file structure_26.txt (compact mmCIF, C-alpha atoms)
# COMPACT_ATOMS: atom_id res chain seq x y z
CA MET N 1 0.00 0.00 0.00
CA ILE N 2 1.39 3.39 -1.04
CA GLY N 3 0.44 6.92 -0.07
CA TYR N 4 1.18 10.04 -2.10
CA ILE N 5 2.48 12.92 -0.01
CA ARG N 6 2.91 16.44 -1.33
CA ASN N 7 4.59 17.98 1.68
CA MET N 8 5.22 17.68 5.40
CA ILE N 9 5.65 20.35 8.06
CA LYS N 10 7.40 19.12 11.16
CA ASN N 11 6.44 22.04 13.40
CA SER N 12 3.12 23.86 12.94
CA ALA N 13 1.16 25.96 15.44
CA VAL N 14 -1.82 26.63 13.12
CA ASP N 15 -3.02 23.13 12.20
CA GLY N 16 -4.62 22.11 15.46
CA PRO N 17 -3.78 22.47 19.16
CA GLY N 18 -0.15 22.71 20.20
CA ASN N 19 2.85 21.97 18.03
CA ARG N 20 1.89 19.55 15.26
CA PHE N 21 3.46 17.44 12.55
CA VAL N 22 1.38 18.06 9.40
CA VAL N 23 1.16 15.72 6.41
CA PHE N 24 -0.29 17.06 3.15
CA LEU N 25 -1.62 14.32 0.88
CA GLN N 26 -1.96 14.76 -2.88
CA GLY N 27 -5.36 15.03 -4.57
CA CYS N 28 -8.66 16.82 -3.92
CA GLN N 29 -12.14 16.35 -5.37
CA PHE N 30 -12.86 20.08 -4.92
CA ASN N 31 -11.43 22.74 -7.21
CA CYS N 32 -11.97 25.82 -5.08
CA LEU N 33 -11.87 29.23 -6.73
CA TYR N 34 -9.78 30.56 -3.86
CA CYS N 35 -7.47 27.57 -3.34
CA HIS N 36 -4.05 28.64 -2.08
CA ASN N 37 -2.58 25.15 -2.56
CA PRO N 38 -3.60 24.39 -6.17
CA GLU N 39 -0.62 22.08 -6.63
CA THR N 40 -2.33 19.59 -4.29
CA ILE N 41 -5.58 19.33 -6.29
CA LYS N 42 -4.70 16.96 -9.13
CA SER N 43 -4.75 13.23 -8.50
CA VAL N 44 -1.42 11.53 -9.05
CA LYS N 45 -2.66 10.00 -12.32
CA LEU N 46 -3.22 13.47 -13.80
CA LEU N 47 0.10 15.02 -12.84
CA THR N 48 2.71 15.86 -15.45
CA ALA N 49 6.12 14.27 -15.03
CA GLU N 50 7.45 17.54 -13.62
CA GLU N 51 4.55 17.84 -11.15
CA ALA N 52 4.86 14.20 -10.12
CA SER N 53 8.48 14.77 -9.17
CA GLU N 54 7.21 16.94 -6.29
CA VAL N 55 5.12 14.09 -4.84
CA HIS N 56 6.72 11.52 -2.57
CA THR N 57 5.52 7.97 -1.99
CA TYR N 58 5.45 6.24 1.39
CA SER N 59 4.18 3.01 2.81
CA PRO N 60 2.22 3.48 6.08
CA GLU N 61 5.18 2.09 8.01
CA ALA N 62 7.68 4.38 6.28
CA LEU N 63 5.59 7.48 6.97
CA VAL N 64 5.19 6.58 10.64
CA ASP N 65 8.95 6.02 10.84
CA MET N 66 9.35 9.62 9.59
CA ILE N 67 7.07 10.92 12.33
CA LEU N 68 8.17 8.91 15.37
CA PRO N 69 11.50 10.74 15.94
CA PHE N 70 9.40 13.87 16.63
CA LYS N 71 7.01 12.13 19.03
CA ASP N 72 8.39 13.77 22.17
CA TYR N 73 8.33 17.25 20.62
CA ILE N 74 4.85 17.43 19.08
CA SER N 75 1.29 17.56 20.39
CA GLY N 76 0.06 15.37 17.57
CA VAL N 77 -0.25 14.80 13.84
CA THR N 78 -2.64 16.56 11.46
CA PHE N 79 -3.46 15.09 8.04
CA SER N 80 -4.37 17.64 5.38
CA GLY N 81 -4.10 18.10 1.63
CA GLY N 82 -5.47 18.38 -0.91
CA GLU N 83 -8.09 16.18 0.65
CA CYS N 84 -6.43 13.51 2.73
CA THR N 85 -9.53 11.28 2.89
CA LEU N 86 -9.26 10.52 -0.83
CA GLN N 87 -6.45 8.16 0.16
CA MET N 88 -8.67 6.51 2.76
CA GLU N 89 -7.10 3.04 2.94
CA PHE N 90 -3.61 4.49 3.35
CA LEU N 91 -4.82 7.12 5.82
CA ILE N 92 -6.51 4.58 8.08
CA ALA N 93 -3.46 2.32 8.01
CA VAL N 94 -1.22 5.20 9.11
CA CYS N 95 -3.67 6.31 11.80
CA ARG N 96 -3.80 2.82 13.29
CA LEU N 97 -0.03 2.76 13.58
CA LEU N 98 0.10 6.25 15.11
CA LYS N 99 -2.62 5.45 17.66
CA ALA N 100 -0.66 2.38 18.71
CA GLU N 101 2.10 4.86 19.61
CA GLY N 102 -0.32 7.04 21.58
CA ILE N 103 -0.16 9.96 19.14
CA HIS N 104 -3.04 12.47 18.89
CA ILE N 105 -4.51 12.66 15.36
CA LEU N 106 -6.59 15.33 13.61
CA ILE N 107 -8.07 15.19 10.12
CA ASP N 108 -8.28 18.45 8.16
CA THR N 109 -11.06 17.82 5.62
CA ASN N 110 -13.53 19.39 3.22
CA GLY N 111 -16.09 16.87 4.48
CA HIS N 112 -17.02 15.48 1.08
CA MET N 113 -17.02 11.74 1.78
CA SER N 114 -19.66 9.09 2.35
CA LEU N 115 -20.96 8.72 5.88
CA ALA N 116 -19.83 5.08 5.82
CA HIS N 117 -16.24 6.12 5.09
CA LEU N 118 -16.42 8.84 7.74
CA LYS N 119 -17.61 6.38 10.38
CA THR N 120 -14.77 4.02 9.53
CA LEU N 121 -12.17 6.79 9.76
CA GLU N 122 -13.44 8.49 12.91
CA ALA N 123 -12.88 5.34 14.94
CA HIS N 124 -9.13 5.77 14.42
CA VAL N 125 -8.67 9.51 15.04
CA ASP N 126 -9.20 12.06 17.79
CA GLY N 127 -10.97 14.77 15.85
CA PHE N 128 -11.70 16.68 12.66
CA MET N 129 -11.18 20.19 11.35
CA LEU N 130 -14.02 20.80 8.89
CA ASP N 131 -14.37 23.45 6.17
CA LEU N 132 -17.88 24.84 5.70
CA LYS N 133 -17.74 27.00 2.61
CA ALA N 134 -21.39 27.94 1.97
CA LEU N 135 -24.89 26.88 2.98
CA ASP N 136 -26.42 27.37 -0.45
CA SER N 137 -25.68 24.29 -2.56
CA LYS N 138 -25.47 26.21 -5.84
CA ILE N 139 -23.00 28.71 -4.40
CA HIS N 140 -20.99 25.83 -2.95
CA LYS N 141 -20.88 24.18 -6.38
CA THR N 142 -19.73 27.44 -7.97
CA LEU N 143 -16.96 27.73 -5.38
CA THR N 144 -15.79 24.11 -5.41
CA GLY N 145 -17.28 22.25 -8.38
CA LEU N 146 -19.46 20.03 -6.14
CA ASP N 147 -22.52 20.46 -3.93
CA ASN N 148 -22.43 20.43 -0.13
CA LYS N 149 -24.96 17.71 0.78
CA ARG N 150 -22.36 15.35 2.22
CA VAL N 151 -20.51 18.18 3.96
CA LEU N 152 -23.58 19.29 5.91
CA GLU N 153 -24.60 15.72 6.75
CA ASN N 154 -21.09 14.95 8.00
CA PHE N 155 -21.05 18.10 10.12
CA ILE N 156 -24.22 16.94 11.87
CA TYR N 157 -22.77 13.47 12.48
CA LEU N 158 -19.37 14.64 13.74
CA ASN N 159 -20.88 17.26 16.00
CA ALA N 160 -23.29 14.71 17.48
CA ILE N 161 -20.40 12.43 18.48
CA SER N 162 -18.21 15.34 19.70
CA LYS N 163 -15.47 14.74 17.14
CA LEU N 164 -15.16 18.28 15.77
CA TYR N 165 -12.15 20.23 16.98
CA GLU N 166 -12.77 23.19 14.68
CA ILE N 167 -15.01 24.44 11.87
CA ARG N 168 -13.92 27.09 9.39
CA THR N 169 -15.45 29.41 6.81
CA VAL N 170 -13.73 31.65 4.28
CA ILE N 171 -15.59 34.98 4.33
CA ILE N 172 -16.41 36.34 0.88
CA PRO N 173 -18.69 39.42 0.94
CA GLU N 174 -21.45 39.71 -1.67
CA PHE N 175 -20.92 36.09 -2.71
CA VAL N 176 -21.46 33.77 0.26
CA ASP N 177 -24.34 34.41 2.66
CA ASP N 178 -22.28 34.03 5.82
CA GLN N 179 -25.20 34.92 8.10
CA ALA N 180 -27.33 32.13 6.63
CA LEU N 181 -24.53 29.62 7.31
CA ILE N 182 -24.13 30.90 10.87
CA ASP N 183 -27.91 30.61 11.39
CA TRP N 184 -27.80 26.99 10.18
CA LEU N 185 -24.84 26.12 12.38
CA SER N 186 -26.54 27.70 15.39
CA ALA N 187 -29.73 25.72 14.72
CA HIS N 188 -27.65 22.51 14.53
CA GLU N 189 -25.89 23.01 17.88
CA GLY N 190 -22.64 24.32 16.48
CA CYS N 191 -22.33 27.25 18.90
CA ASN N 192 -19.92 25.57 21.31
CA LEU N 193 -17.38 24.72 18.61
CA ARG N 194 -14.22 26.64 17.83
CA TYR N 195 -15.20 28.64 14.73
CA LYS N 196 -12.47 30.12 12.57
CA LEU N 197 -13.60 32.97 10.29
CA ILE N 198 -11.02 33.42 7.55
CA ALA N 199 -10.93 36.59 5.46
CA PHE N 200 -10.71 35.79 1.75
CA ARG N 201 -7.47 37.05 0.25
CA ASN N 202 -6.89 37.08 -3.49
CA HIS N 203 -3.11 37.02 -3.22
CA GLY N 204 -1.93 33.92 -5.04
CA VAL N 205 -5.43 33.08 -6.30
CA LYS N 206 -5.82 32.42 -10.01
CA GLY N 207 -8.59 32.54 -12.62
CA GLU N 208 -12.14 33.46 -11.62
CA GLY N 209 -11.14 33.57 -7.97
CA LYS N 210 -9.30 36.85 -8.61
CA LYS N 211 -12.68 38.51 -9.15
CA LEU N 212 -13.90 37.73 -5.64
CA LYS N 213 -13.91 40.64 -3.20
CA PRO N 214 -11.90 40.45 0.03
CA PRO N 215 -13.74 41.57 3.18
CA SER N 216 -12.85 44.72 5.08
CA THR N 217 -11.84 44.58 8.74
CA ALA N 218 -15.21 46.15 9.60
CA TYR N 219 -17.05 43.44 7.66
CA MET N 220 -15.13 40.69 9.47
CA ARG N 221 -16.02 42.25 12.80
CA SER N 222 -19.67 42.44 11.78
CA ILE N 223 -19.69 38.71 10.96
CA GLU N 224 -17.94 37.96 14.24
CA ASN N 225 -20.54 40.01 16.14
CA TYR N 226 -23.36 38.24 14.32
CA ALA N 227 -21.92 34.85 15.31
CA ILE N 228 -21.62 36.01 18.93
CA GLN N 229 -25.26 37.09 18.87
CA LYS N 230 -26.16 33.60 17.63
CA GLY N 231 -24.42 32.05 20.61
CA PHE N 232 -20.91 31.26 19.36
CA LYS N 233 -18.38 31.51 22.18
CA ASN N 234 -15.04 30.56 20.63
CA ILE N 235 -14.42 32.58 17.47
CA VAL N 236 -11.06 33.10 15.79
CA LEU N 237 -10.59 35.78 13.14
CA ILE N 238 -7.89 35.17 10.54

call {"tool": "encode", "arguments": {"input": "structure_26.txt", "output": "structure tokens"}}
result
Amino acid sequence: MIGYIRNMIKNSAVDGPGNRFVVFLQGCQFNCLYCHNPETIKSVKLLTAEEASEVHTYSPEALVDMILPFKDYISGVTFSGGECTLQMEFLIAVCRLLKAEGIHILIDTNGHMSLAHLKTLEAHVDGFMLDLKALDSKIHKTLTGLDNKRVLENFIYLNAISKLYEIRTVIIPEFVDDQALIDWLSAHEGCNLRYKLIAFRNHGVKGEGKKLKPPSTAYMRSIENYAIQKGFKNIVLI
């Protein structure tokens, strides 16, 4: 069994609690307009020879052997991407080995997977960091290329079993109805979660994404205040 890894960060303070070892897997089923890591989107089969040279292959055992020397210096491991759950068999195999070593594991995901796959994965990890891009399915499809039915269903499931460490939304004024999403989250008992509100930035964004409008500081504060009014207690502005 082989996994395809785009990059690894051995010390990160922004990918979960504490100091974390972060593994970025290749491939994503979304093609977000504002993606800042577009090199991770293509599946390995679609990469050019030059692009493929930037992707490294590991067996589950070899990847864990890379991580274990840092065990005493990290708070845990976060798997990201791309979309790490596209390599589900490899991901679960690695997580099993890491849990046997007592290592804390978070999954950074767009949430677009079957509930059956999610239930299989969640048994082997400590929590999830979930992106919620838009409530409106058509807007979500415009942003990512796919609808959000699975994402919303998986939010409800993960929140019900207390497996969500963090939820996140990129704030895009005049495009995404952020208040509608906050209303939905509040109605589905999301108020006690850590909620990261990320200001859209068009630096490094290509194509149609360049036309999206970044929010002002005042707009970000207004969204934060709206979330507070709806009962959110742990909000992080980025």

call {"tool": "residues_near_point", "arguments": {"input": "structure_26.txt", "point": "(-0.9, 6.4, 18.0)", "cutoff": "10 Å", "atoms": "all atoms listed in the file", "output": "NGL selection string"}}
result
:N and (64 or 68 or 71 or 76-77 or 94-105 or 124-125)

call {"tool": "residues_near_point", "arguments": {"input": "structure_26.txt", "point": "(-14.5, 21.4, 14.7)", "cutoff": "12 Å", "atoms": "all atoms listed in the file", "output": "ChimeraX atom specification"}}
result
/N:15-17,106-111,126-132,154-169,185,189-196,234-235

call {"tool": "atom_distance", "arguments": {"input": "structure_26.txt", "atom1": "atom CA of Glu50 of chain N", "atom2": "atom CA of Phe30 of chain N"}}
result
22.2 Å

call {"tool": "residues_around", "arguments": {"input": "structure_26.txt", "residues": "Asp177 of chain N", "least_positions_apart": "5", "cutoff": "9 Å", "atoms": "only C-alpha atoms", "output": "PyMOL selection string"}}
result
chain N and resi 134-136+171-172+182

call {"tool": "write_last_selection", "arguments": {"input": "structure_26.txt", "atoms": "C-alpha atoms", "output": "PDB file, in the coordinates of the input"}}
result
ATOM      1  CA  ALA N 134     -21.390  27.940   1.970  1.00  0.00           C
ATOM      2  CA  LEU N 135     -24.890  26.880   2.980  1.00  0.00           C
ATOM      3  CA  ASP N 136     -26.420  27.370  -0.450  1.00  0.00           C
ATOM      4  CA  ILE N 171     -15.590  34.980   4.330  1.00  0.00           C
ATOM      5  CA  ILE N 172     -16.410  36.340   0.880  1.00  0.00           C
ATOM      6  CA  ILE N 182     -24.130  30.900  10.870  1.00  0.00           C
TER       7      ILE N 182
END

call {"tool": "closest_residue", "arguments": {"input": "structure_26.txt", "among": "N:Glu51, N:Tyr34, N:Phe90, N:Thr120", "to": "Leu212 of chain N", "atoms": "all atoms listed in the file"}}
result
N:Tyr34

call {"tool": "closest_residue", "arguments": {"input": "structure_26.txt", "among": "N:Gly81, N:Pro60, N:Pro69, N:Gly209", "to": "Lys10 of chain N", "atoms": "all atoms listed in the file"}}
result
N:Pro69

call {"tool": "atom_distance", "arguments": {"input": "structure_26.txt", "atom1": "atom CA of Ser59 of chain N", "atom2": "atom CA of Arg150 of chain N"}}
result
29.3 Å

call {"tool": "residues_around", "arguments": {"input": "structure_26.txt", "residues": "Arg221 of chain N", "least_positions_apart": "4", "cutoff": "12 Å", "atoms": "only C-alpha atoms", "output": "ChimeraX atom specification"}}
result
/N:171,197-199,215-217,225-228,235-238
